[in-house]
Structures are given as structure tokens and as C-alpha cells.
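Q: Sharing target09.cif, mmCIF, C-alpha atoms:
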```
data_coords
loop_
_atom_site.label_atom_id
_atom_site.label_comp_id
_atom_site.auth_asym_id
_atom_site.auth_seq_id
_atom_site.Cartn_x
_atom_site.Cartn_y
_atom_site.Cartn_z
CA MET B 1110 100.82 178.85 54.57
CA ASN B 1111 103.69 179.20 57.01
CA ASN B 1112 106.48 181.39 55.68
CA PHE B 1113 109.97 181.01 57.08
CA CYS B 1114 113.25 182.82 56.50
CA THR B 1115 116.84 182.07 57.39
CA LEU B 1116 120.34 183.27 56.58
CA PHE B 1117 123.70 181.55 56.27
CA ASN B 1118 126.91 181.51 54.25
CA SER B 1119 128.64 178.61 52.52
CA LEU B 1120 130.22 177.35 55.78
CA TYR B 1121 126.70 176.70 57.11
CA LEU B 1122 125.36 175.34 53.84
CA SER B 1123 125.04 171.69 54.90
CA ARG B 1124 123.23 172.73 58.09
CA GLY B 1125 120.87 175.04 56.23
CA LEU B 1126 120.10 172.38 53.64
CA ALA B 1127 119.46 169.78 56.36
CA MET B 1128 117.05 172.19 58.02
CA TYR B 1129 115.22 172.77 54.73
CA ARG B 1130 114.93 169.02 54.06
CA SER B 1131 113.55 168.48 57.58
CA LEU B 1132 110.86 171.08 56.92
CA GLU B 1133 110.14 169.46 53.58
CA LYS B 1134 109.60 166.15 55.37
CA CYS B 1135 107.58 167.46 58.34
CA ALA B 1136 105.71 170.62 57.38
CA ARG B 1137 102.38 170.45 55.57
CA ASP B 1138 102.51 173.77 53.77
CA PHE B 1139 105.48 176.12 53.91
CA HIS B 1140 107.90 178.28 51.98
CA LEU B 1141 111.45 179.13 53.10
CA TYR B 1142 113.21 182.35 52.08
CA ILE B 1143 116.96 181.74 52.25
CA PHE B 1144 119.33 184.71 52.37
CA ALA B 1145 122.67 183.52 51.02
CA PHE B 1146 125.51 185.44 52.64
CA ASP B 1147 128.17 184.71 50.04
CA ASP B 1148 128.24 184.05 46.30
CA GLU B 1149 129.21 180.37 46.59
CA CYS B 1150 126.26 179.72 48.86
CA TYR B 1151 123.89 181.57 46.52
CA ASP B 1152 125.09 179.76 43.41
CA THR B 1153 124.90 176.32 45.03
CA LEU B 1154 121.43 176.87 46.45
CA ARG B 1155 120.18 178.07 43.07
CA ARG B 1156 121.56 174.97 41.39
CA LEU B 1157 119.90 172.70 43.96
CA GLN B 1158 116.51 173.98 42.72
CA LEU B 1159 114.73 173.67 46.06
CA ALA B 1160 111.03 173.55 45.23
CA LYS B 1161 109.80 175.29 48.39
CA ALA B 1162 112.54 177.88 48.74
CA THR B 1163 113.36 181.29 47.34
CA ILE B 1164 117.06 182.21 47.32
CA ILE B 1165 117.99 185.86 47.91
CA SER B 1166 121.49 187.21 47.35
CA LEU B 1167 123.21 189.83 49.47
CA SER B 1168 123.24 192.26 46.55
CA ASP B 1169 119.45 192.07 46.32
CA PHE B 1170 118.89 192.34 50.06
CA GLU B 1171 121.37 194.83 51.52
CA ASP B 1172 120.24 198.45 51.81
CA GLU B 1173 122.17 201.63 52.51
CA GLN B 1174 121.78 201.41 56.27
CA LEU B 1175 123.11 197.86 56.44
CA LEU B 1176 125.99 198.58 54.06
CA ALA B 1177 126.97 201.62 56.15
CA ILE B 1178 127.38 199.64 59.36
CA LYS B 1179 128.70 196.42 57.79
CA PRO B 1180 132.41 197.38 58.16
CA THR B 1181 131.88 197.91 61.90
CA ARG B 1182 130.71 194.33 62.55
CA THR B 1183 132.39 190.94 62.36
CA ALA B 1184 130.86 188.42 59.94
CA GLY B 1185 128.93 186.81 62.79
CA GLU B 1186 127.80 190.13 64.23
CA TYR B 1187 126.63 191.24 60.81
CA CYS B 1188 124.49 188.11 60.48
CA TRP B 1189 122.92 188.89 63.85
CA THR B 1190 122.42 192.50 62.79
CA CYS B 1191 120.58 191.36 59.68
CA THR B 1192 118.14 189.00 61.43
CA PRO B 1193 115.22 191.45 61.78
CA SER B 1194 116.03 192.94 58.37
CA ILE B 1195 115.62 189.65 56.50
CA ILE B 1196 112.23 189.11 58.16
CA LEU B 1197 111.11 192.62 57.24
CA TYR B 1198 112.45 192.23 53.68
CA SER B 1199 110.60 188.92 53.23
CA ILE B 1200 107.29 190.35 54.42
CA ARG B 1201 107.52 193.51 52.32
CA LYS B 1202 109.13 192.11 49.17
CA PHE B 1203 106.89 189.06 48.85
CA GLY B 1204 103.72 190.45 50.44
CA LEU B 1205 103.62 187.85 53.20
CA SER B 1206 100.93 187.69 55.88
CA ASN B 1207 103.47 186.21 58.32
CA CYS B 1208 107.10 185.17 58.52
CA THR B 1209 109.09 183.18 61.07
CA TYR B 1210 112.85 183.51 61.39
CA LEU B 1211 114.71 180.20 61.81
CA ASP B 1212 118.31 179.68 62.84
CA ALA B 1213 120.07 177.59 60.19
CA ASP B 1214 121.14 174.96 62.74
CA LEU B 1215 117.58 173.98 63.67
CA PHE B 1216 116.27 170.55 62.64
CA PHE B 1217 112.59 169.66 62.59
CA TYR B 1218 111.14 166.36 63.82
CA ALA B 1219 107.48 167.42 63.44
CA ASP B 1220 105.35 170.11 61.80
CA PRO B 1221 105.96 173.53 63.44
CA THR B 1222 102.41 174.66 62.64
CA VAL B 1223 101.40 173.59 66.16
CA LEU B 1224 103.76 176.21 67.61
CA ILE B 1225 102.17 179.02 65.62
CA GLU B 1226 98.64 177.79 66.33
CA GLU B 1227 99.38 177.89 70.07
CA ALA B 1228 99.65 181.68 69.89
CA LYS B 1229 95.97 181.96 68.82
CA GLY B 1230 96.47 184.93 66.57
CA ALA B 1231 99.19 186.78 68.48
CA SER B 1232 101.35 189.00 66.32
CA VAL B 1233 104.75 187.87 67.66
CA ILE B 1234 106.02 184.56 69.09
CA ILE B 1235 109.26 184.23 71.05
CA THR B 1236 110.79 181.09 72.56
CA PRO B 1237 112.33 180.95 76.05
CA HIS B 1238 115.70 179.31 76.59
CA ARG B 1239 114.31 177.21 79.48
CA TYR B 1240 117.83 176.84 80.84
CA THR B 1241 118.82 173.86 82.94
CA PRO B 1242 119.86 175.49 86.26
CA MET B 1243 123.55 174.68 85.80
CA TYR B 1244 123.53 176.67 82.52
CA GLU B 1245 121.33 179.56 83.64
CA ASP B 1246 122.32 182.64 81.62
CA SER B 1247 119.18 184.78 81.40
CA GLU B 1248 120.76 187.84 82.99
CA SER B 1249 123.46 188.36 80.37
CA GLY B 1250 122.50 186.03 77.50
CA GLY B 1251 118.77 186.69 77.48
CA THR B 1252 115.59 184.99 78.64
CA TYR B 1253 114.56 184.27 75.05
CA CYS B 1254 116.44 182.73 72.16
CA VAL B 1255 116.60 184.11 68.63
CA GLN B 1256 116.00 180.73 67.02
CA PHE B 1257 112.31 180.67 66.10
CA VAL B 1258 110.71 184.15 66.05
CA TYR B 1259 107.31 184.62 64.40
CA PHE B 1260 105.88 187.92 63.11
CA LYS B 1261 102.45 188.59 61.70
CA ASN B 1262 102.13 191.32 59.10
CA SER B 1263 99.93 193.40 61.41
CA PRO B 1264 100.41 196.79 63.07
CA GLU B 1265 101.41 195.05 66.32
CA GLY B 1266 103.86 192.70 64.61
CA MET B 1267 105.45 195.35 62.43
CA ALA B 1268 105.91 197.70 65.37
CA VAL B 1269 108.04 195.11 67.17
CA LEU B 1270 109.96 194.11 64.04
CA GLU B 1271 110.79 197.65 62.98
CA TRP B 1272 111.90 198.54 66.53
CA TRP B 1273 114.16 195.45 66.56
CA ARG B 1274 115.72 196.34 63.23
CA VAL B 1275 116.55 199.89 64.39
CA ALA B 1276 118.03 198.55 67.63
CA CYS B 1277 120.24 196.00 65.84
CA ILE B 1278 121.52 198.54 63.34
CA GLU B 1279 122.40 200.88 66.21
CA TRP B 1280 124.13 198.15 68.33
CA CYS B 1281 124.65 194.44 67.67
CA TYR B 1282 127.95 193.01 68.90
CA ASN B 1283 129.20 189.73 70.33
CA ARG B 1284 129.74 191.12 73.80
CA ARG B 1285 127.60 191.43 76.88
CA GLU B 1286 126.62 194.80 78.22
CA PRO B 1287 123.77 195.75 80.58
CA GLY B 1288 120.58 195.03 78.65
CA ARG B 1289 122.41 194.10 75.44
CA PHE B 1290 123.90 191.02 73.82
CA GLY B 1291 123.93 190.67 70.03
CA ASP B 1292 120.42 190.66 68.57
CA GLN B 1293 119.08 188.50 71.39
CA LYS B 1294 118.86 190.44 74.63
CA TYR B 1295 116.49 192.93 72.97
CA LEU B 1296 113.75 190.28 73.11
CA ASP B 1297 113.64 190.50 76.91
CA VAL B 1298 111.65 193.76 76.83
CA TRP B 1299 109.08 192.88 74.17
CA THR B 1300 106.40 191.50 76.49
CA THR B 1301 106.36 194.75 78.48
CA MET B 1302 106.98 197.25 75.65
CA PHE B 1303 104.54 195.85 73.10
CA THR B 1304 101.15 194.16 72.85
CA GLY B 1305 100.44 190.94 70.96
CA VAL B 1306 103.65 189.11 72.00
CA HIS B 1307 103.23 185.43 72.90
CA VAL B 1308 105.83 183.43 74.83
CA LEU B 1309 105.83 179.86 73.51
CA GLU B 1310 104.75 177.26 76.06
CA HIS B 1311 105.18 174.08 73.96
CA LEU B 1312 108.25 172.27 75.34
CA GLY B 1313 108.94 170.74 71.92
CA GLY B 1314 109.69 174.13 70.43
CA GLY B 1315 113.20 174.94 71.49
CA VAL B 1316 114.87 171.82 72.84
CA ALA B 1317 118.58 172.69 72.85
CA PRO B 1318 121.92 171.86 74.48
CA TRP B 1319 121.25 174.29 77.35
CA ASN B 1320 117.99 172.58 78.40
CA VAL B 1321 118.10 169.01 77.03
CA GLN B 1322 119.28 167.67 80.41
CA GLN B 1323 115.71 168.15 81.68
CA TYR B 1324 114.22 165.58 79.29
CA ASP B 1325 114.28 161.96 78.16
CA PHE B 1326 113.30 160.93 74.64
CA ASP B 1327 111.69 158.00 72.91
CA ARG B 1328 110.14 157.15 69.53
CA LYS B 1329 106.45 156.28 69.42
CA ILE B 1330 104.37 155.81 66.27
CA GLY B 1331 107.02 157.41 64.09
CA GLN B 1332 107.39 160.50 66.27
CA ILE B 1333 110.11 161.61 68.69
CA TRP B 1334 108.57 162.31 72.10
CA GLY B 1335 110.15 164.05 75.05
CA LYS B 1336 109.36 163.62 78.72
CA GLU B 1337 110.08 166.40 81.18
CA LEU B 1338 111.76 164.66 84.09
CA ALA B 1339 110.46 167.02 86.76
CA SER B 1340 106.78 166.85 85.78
CA GLN B 1341 106.67 163.63 83.71
CA GLN B 1342 104.88 165.70 81.04
CA LEU B 1343 105.05 164.17 77.55
CA PHE B 1344 105.44 166.33 74.46
CA PRO B 1345 106.26 165.82 70.77
CA VAL B 1346 109.66 167.24 69.81
CA ILE B 1347 109.09 169.83 67.09
CA PHE B 1348 112.65 171.04 66.63
CA TYR B 1349 116.08 170.81 68.21
CA HIS B 1350 118.62 173.62 68.08
CA PHE B 1351 122.03 172.13 67.28
CA HIS B 1352 123.90 175.07 68.74
CA ALA B 1353 127.65 174.44 69.25
CA LEU B 1354 127.73 171.31 67.07
CA LYS B 1355 130.96 171.65 65.08
CA TYR B 1356 132.59 169.74 62.27
CA ALA B 1357 136.06 168.37 62.96
CA GLU B 1358 138.61 166.64 60.76
CA LYS B 1359 138.37 162.93 59.86
CA ASN B 1360 134.57 163.12 59.35
CA SER B 1361 134.05 163.89 63.03
CA PHE B 1362 131.99 166.25 65.17
CA THR B 1363 131.89 167.87 68.56
CA LEU B 1364 128.32 168.00 69.78
CA ALA B 1365 127.44 170.70 72.27
CA GLY B 1366 130.38 172.68 73.55
CA GLY B 1367 130.49 172.34 77.33
CA ASN B 1368 126.88 171.19 77.69
CA LEU B 1369 126.16 167.65 78.87
CA ILE B 1370 124.64 165.37 76.23
CA SER B 1371 123.40 161.89 77.15
CA ASP B 1372 123.32 158.67 75.15
CA ASN B 1373 119.55 159.09 75.04
CA ASP B 1374 119.96 162.52 73.39
CA ILE B 1375 122.41 161.06 70.88
CA GLU B 1376 120.12 158.18 69.98
CA PHE B 1377 116.96 160.16 69.31
CA LEU B 1378 118.17 163.64 68.39
CA TYR B 1379 121.77 163.60 67.20
CA LYS B 1380 121.77 160.43 65.11
CA PRO B 1381 119.03 161.64 62.76
CA TYR B 1382 120.75 165.00 62.42
CA ILE B 1383 124.20 163.63 61.63
CA GLY B 1384 122.58 161.40 59.03
CA ALA B 1385 120.89 164.46 57.55
CA LEU B 1386 124.18 166.37 57.48
CA LYS B 1387 125.81 163.48 55.65
CA ASN B 1388 123.02 163.48 53.07
CA SER B 1389 123.31 167.24 52.69
CA GLY B 1390 127.02 166.89 52.06
CA LEU B 1391 126.40 164.31 49.35
CA GLU B 1392 123.75 166.53 47.77
CA ILE B 1393 126.03 169.57 47.78
CA GLY B 1394 128.92 167.46 46.48
CA SER B 1395 126.84 166.42 43.49
CA ILE B 1396 126.61 170.11 42.58
CA SER B 1397 130.12 171.23 43.47
CA CYS B 1398 132.91 168.86 44.49
CA SER B 1399 135.24 171.73 45.45
CA LEU B 1400 132.98 173.86 47.63
CA LYS B 1401 133.86 173.96 51.34
CA PHE B 1402 130.42 173.79 53.00
CA HIS B 1403 131.39 173.55 56.67
CA GLU B 1404 134.19 174.45 59.06
CA THR B 1405 136.79 171.81 60.04
CA HIS B 1406 138.33 171.87 63.51
CA GLU B 1407 141.62 170.11 64.18
CA ILE B 1408 141.69 167.08 66.50
CA PRO B 1409 144.86 167.29 68.63
CA ARG B 1410 147.56 164.81 67.59
CA ILE B 1411 145.10 162.53 65.80
CA ARG B 1412 147.58 161.85 63.01
CA LYS B 1413 150.37 160.91 65.45
CA SER B 1414 148.67 158.66 67.99
CA LEU B 1415 147.57 155.11 67.17
CA ARG B 1416 145.54 154.99 70.37
CA ARG B 1417 143.61 158.12 69.46
CA MET B 1418 143.00 156.85 65.94
CA PHE B 1419 141.77 153.51 67.30
CA ASN B 1420 139.37 155.25 69.69
CA LEU B 1421 138.04 157.53 66.98
CA TYR B 1422 137.81 155.10 64.04
CA ILE B 1423 137.01 151.82 65.78
CA LEU B 1424 135.21 152.84 68.96
CA GLY B 1425 133.75 155.91 67.29
CA LYS B 1426 134.72 158.45 69.96
CA PHE B 1427 137.84 160.18 71.22
CA ARG B 1428 137.30 162.62 74.08
CA GLU B 1429 134.67 165.11 72.86
CA TYR B 1430 135.08 164.06 69.22
CA TYR B 1431 132.57 161.65 67.68
CA HIS B 1432 133.24 160.00 64.35
CA GLN B 1433 130.44 160.10 61.80
CA SER B 1434 130.26 156.30 61.86
CA TYR B 1435 129.24 156.42 65.55
CA PHE B 1436 125.89 157.92 64.55
CA LEU B 1437 125.28 155.83 61.44
CA ARG B 1438 125.67 152.36 62.98
#
```
Give the structure from this file in C-alpha cells form.

A:
Amino acid sequence: MNNFCTLFNSLYLSRGLAMYRSLEKCARDFHLYIFAFDDECYDTLRRLQLAKATIISLSDFEDEQLLAIKPTRTAGEYCWTCTPSIILYSIRKFGLSNCTYLDADLFFYADPTVLIEEAKGASVIITPHRYTPMYEDSESGGTYCVQFVYFKNSPEGMAVLEWWRVACIEWCYNRREPGRFGDQKYLDVWTTMFTGVHVLEHLGGGVAPWNVQQYDFDRKIGQIWGKELASQQLFPVIFYHFHALKYAEKNSFTLAGGNLISDNDIEFLYKPYIGALKNSGLEIGSISCSLKFHETHEIPRIRKSLRRMFNLYILGKFREYYHQSYFLR
């Protein structure tokens, strides 16, 4: 069985639920340990009764070391700080042979087992950013992305995980310093400091806004396939990382921050995800009609401009804002 863990609060609840449902659809045999970072998130997840998930509250998870440094971190920095700790907790508490950390804004299009099998028994798997040259950020942001990080419960795997936890408790901030950035830059040294670390080669593991410009996509036999433009190599898309996708008012979204997203990306990657977010919202709403389960960014002057409203509601897009209907047509 593949064991996964993730963490999020109520403002990421629809994303986290969409990720779980995508695993439920694609993965043959899995269990997801969800660390709920506020009470509303915990209560809602418990009421959803997710068959292949275990919900863990902050009060059950936090230890003295984490509680001691919690006041020194922002909410986001504290989540980053806790990443290695939730993996370690899952392995020790539930006696797991392996556990893979997943960012809550991942969405699966195929079974991730192929990614773990590629490592052929390695104790740790890390995924490179594979930046498009115009977005290259390895020097300060890190060569590898904390999005899908696998650990085997072995001496090699635990050595890396315990080192990472100590490092994040000592320093984990949303600023860039030589050799440090959040929980992520630490991964750069693992291949030289430790044995048993595998760098994922499968292009379908880690498609994201900072590298999607290198690929085209199509659907064949019920599967989303990517093609690397430079090599013409075909690969099944396993997951996409919806980093920088934000909810906006009027049932709208911004998609990828300053990264270029094509119509092809929207058709094969973003449309299924927006549909999944809509379904997650309906599912959460059936449990709690008052819970705020995502952020809502303001669209400038949308209430005062007929032209902007026409573009958004009728054409489906105003500047970087896409209406939900644009994806569901």
C-alpha cells in the first residue's frame, strides 16, 4: 500500500478534498493521513467520513518542540516547518513502511505508484522543479520541490527525515538566504549528504506552472498525455501542482501567478481541476453551509464596470481572472 500525508487548514479545504478525490479515482491502493490545521477543517473532514483517510488534529500532532517555535513563525511558515514532522508522525504513530508527503494543491490524473516504483527500492524520492528557462530559480528557490517527497521506513530514509525535521525546527522562514528557503532549499544537499536518495525522472511527476511551457497535452484512451516539446518524448501525466491558483470573487480564479498558461494547459489540466474544486465545494457545503473553505481575492472595479462584468460573465475572462463557467462549458 502507498501511504500519503498532507496538511492544510480550512482555507485549503476544497483543494485538499479535490486532491483526495483524485487519488480515490486514480490510485489502486492507498491511504491518506490528513493533518487538519484548524478546528473547522478537522470537524468538516471528520463529518465527510472519507473512507481512505485518517484525520489528525493539531492537538494530537503538535509536540513540545513545535509548540515552542510556533509563535516565531507565520501560519504559512509553520505549515512548512511541520512538513517533515507530519511524515515522521505518520510513520511512527501508524507503523507505516513508507509515507509520501503531498502538497494539498496537487491533483492526480493517474496512479502515482509508477513514481515510487521508478525508485527501485530507494529510501527517499525527491522531485526536481524542471524550470522553464525563463523561470529558472534553482539558486535561491531550490532545485527540488517539496510537493511529492517519499520516505521509506528504513535507516537511510529515517536519517534524512530526522535531519530535515531538526533543520526546519531550527530555521524555516519565507525568505531567501544562502542555502536556505523555507523547508525546500534543504533538499538540495540530500543527494550528496545521504545515501538512498532518488531524483525522480518521470516527467509526469511534477508538471507545474514553472515548467508547463515545455509540454503539450492530449487525451488518449482516457489518459492525459504530455509531450516534451524539445525531445518529443511522450509521458502520462501523473499529477499537476496547482501552485498560485487562487480563488477570486464572483466564482472566479486566477491560474498561475505570473507564469504563462496556454489554452492547451487549460483544456487538459485546468478544466478537470476547476470541475473538481466545484464538486468539492458542493460536498463541503452539504456538511456546512457557513464554512469559508477558500480565500477570495477582490477583482478591481468588477462591481462598477459593465464592460468588465460582460467580459467576466459572458466571455468568461477578464484580464487574469477566469470565471468558473469558462472551465465548465

Q: I'd like to know which of B:Tyr1382, B:Ala1357, B:Ile1178, B:Arg1428 is closest to B:Ile1408, using all atoms listed in the file.

A: B:Ala1357

Q: Which residues, protein or nucleic acid, reach to within 8 Å of (111.3, 181.5, 77.1) in the file's coordinates when using all atoms listed in the file, and can you give that as a count of residues only?

A: 11

Q: Quick one: pull the distance between atom CA of B:Leu1141 and atom CA of B:Ser1168, Å, one decimal.

A: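 Atom CA of B:Ser1168 lies 18.8 Å from atom CA of B:Leu1141.
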
Q: Take the PyMOL selection byres ((chain B and resi 1219-1233) around 6), run it mentally on this structure, and tell me the resulting residues as number ranges by chain.

A: B: 1135-1136, 1217-1218, 1234, 1259-1261, 1266, 1305-1307, 1347

Q: Would you please work out which residue, of B:Asn1360, B:Leu1159, B:Ser1166, B:Pro1242, is nearest to B:Arg1130 when using only C-alpha atoms?

A: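 That would be B:Leu1159, the residue with the smallest distance to B:Arg1130.
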
Q: Enumerate, as a PyMOL selection string, the residues matched when the PyMOL selection byres ((chain B and resi 1174) around 12) is run on the file above.

A: chain B and resi 1170-1173+1175-1180+1190-1191+1194+1274-1275+1277-1279

Q: Selection in question (the file shown): the PyMOL selection byres ((chain B and resi 1313-1321) around 8). Which residues does it include, as a PyMOL selection string?

A: chain B and resi 1221+1224+1236-1241+1244+1256-1257+1309+1311-1312+1322-1324+1335+1344-1352+1365+1368-1370+1374

Q: How many Å separate atom CA of B:Ser1371 from atom CA of B:Lys1294?

A: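 Separation of atom CA of B:Ser1371 and atom CA of B:Lys1294: 29.0 Å.
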
Q: For B:Leu1122, list every protein, DNA or RNA residue within 10 Å, evaluated using only C-alpha atoms, and leave out those in the same chain fewer than 6 positions away; present the list as an mmCIF file with C-alpha atoms, in the frame of the given file.

A:
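The resulting file, part.cif, is shown below:
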```cif
data_model
loop_
_atom_site.group_PDB
_atom_site.id
_atom_site.type_symbol
_atom_site.label_atom_id
_atom_site.label_comp_id
_atom_site.auth_asym_id
_atom_site.auth_seq_id
_atom_site.Cartn_x
_atom_site.Cartn_y
_atom_site.Cartn_z
ATOM 1 C CA LEU B 1116 120.340 183.270 56.580
ATOM 2 C CA MET B 1128 117.050 172.190 58.020
ATOM 3 C CA ALA B 1145 122.670 183.520 51.020
ATOM 4 C CA GLU B 1149 129.210 180.370 46.590
ATOM 5 C CA CYS B 1150 126.260 179.720 48.860
ATOM 6 C CA TYR B 1151 123.890 181.570 46.520
ATOM 7 C CA THR B 1153 124.900 176.320 45.030
ATOM 8 C CA LEU B 1154 121.430 176.870 46.450
ATOM 9 C CA ALA B 1213 120.070 177.590 60.190
ATOM 10 C CA ASP B 1214 121.140 174.960 62.740
ATOM 11 C CA LEU B 1386 124.180 166.370 57.480
ATOM 12 C CA SER B 1389 123.310 167.240 52.690
ATOM 13 C CA GLY B 1390 127.020 166.890 52.060
ATOM 14 C CA ILE B 1393 126.030 169.570 47.780
ATOM 15 C CA LEU B 1400 132.980 173.860 47.630
ATOM 16 C CA LYS B 1401 133.860 173.960 51.340
ATOM 17 C CA PHE B 1402 130.420 173.790 53.000
ATOM 18 C CA HIS B 1403 131.390 173.550 56.670
#
```

Q: Any idea what the distance is between atom CA of B:Arg1182 and atom CA of B:Val1258?

A: 22.7 Å

Q: If we count all atoms listed in the file and set the cut-off at 12 Å, which residues sit around B:Lys1202, ignoring sequence neighbours fewer than 6 positions away in its own chain? Please answer as a VMD selection string.

A: chain B and resid 1142 1163 1165 1169 to 1170 1194 to 1196 1208

Q: Nearest to B:Pro1381 among B:Arg1137, B:His1406, B:Arg1438, B:Arg1155, with distances taken over all atoms listed in the file: which residue is it?

A: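 Under the stated criterion, the closest residue is B:Arg1438.
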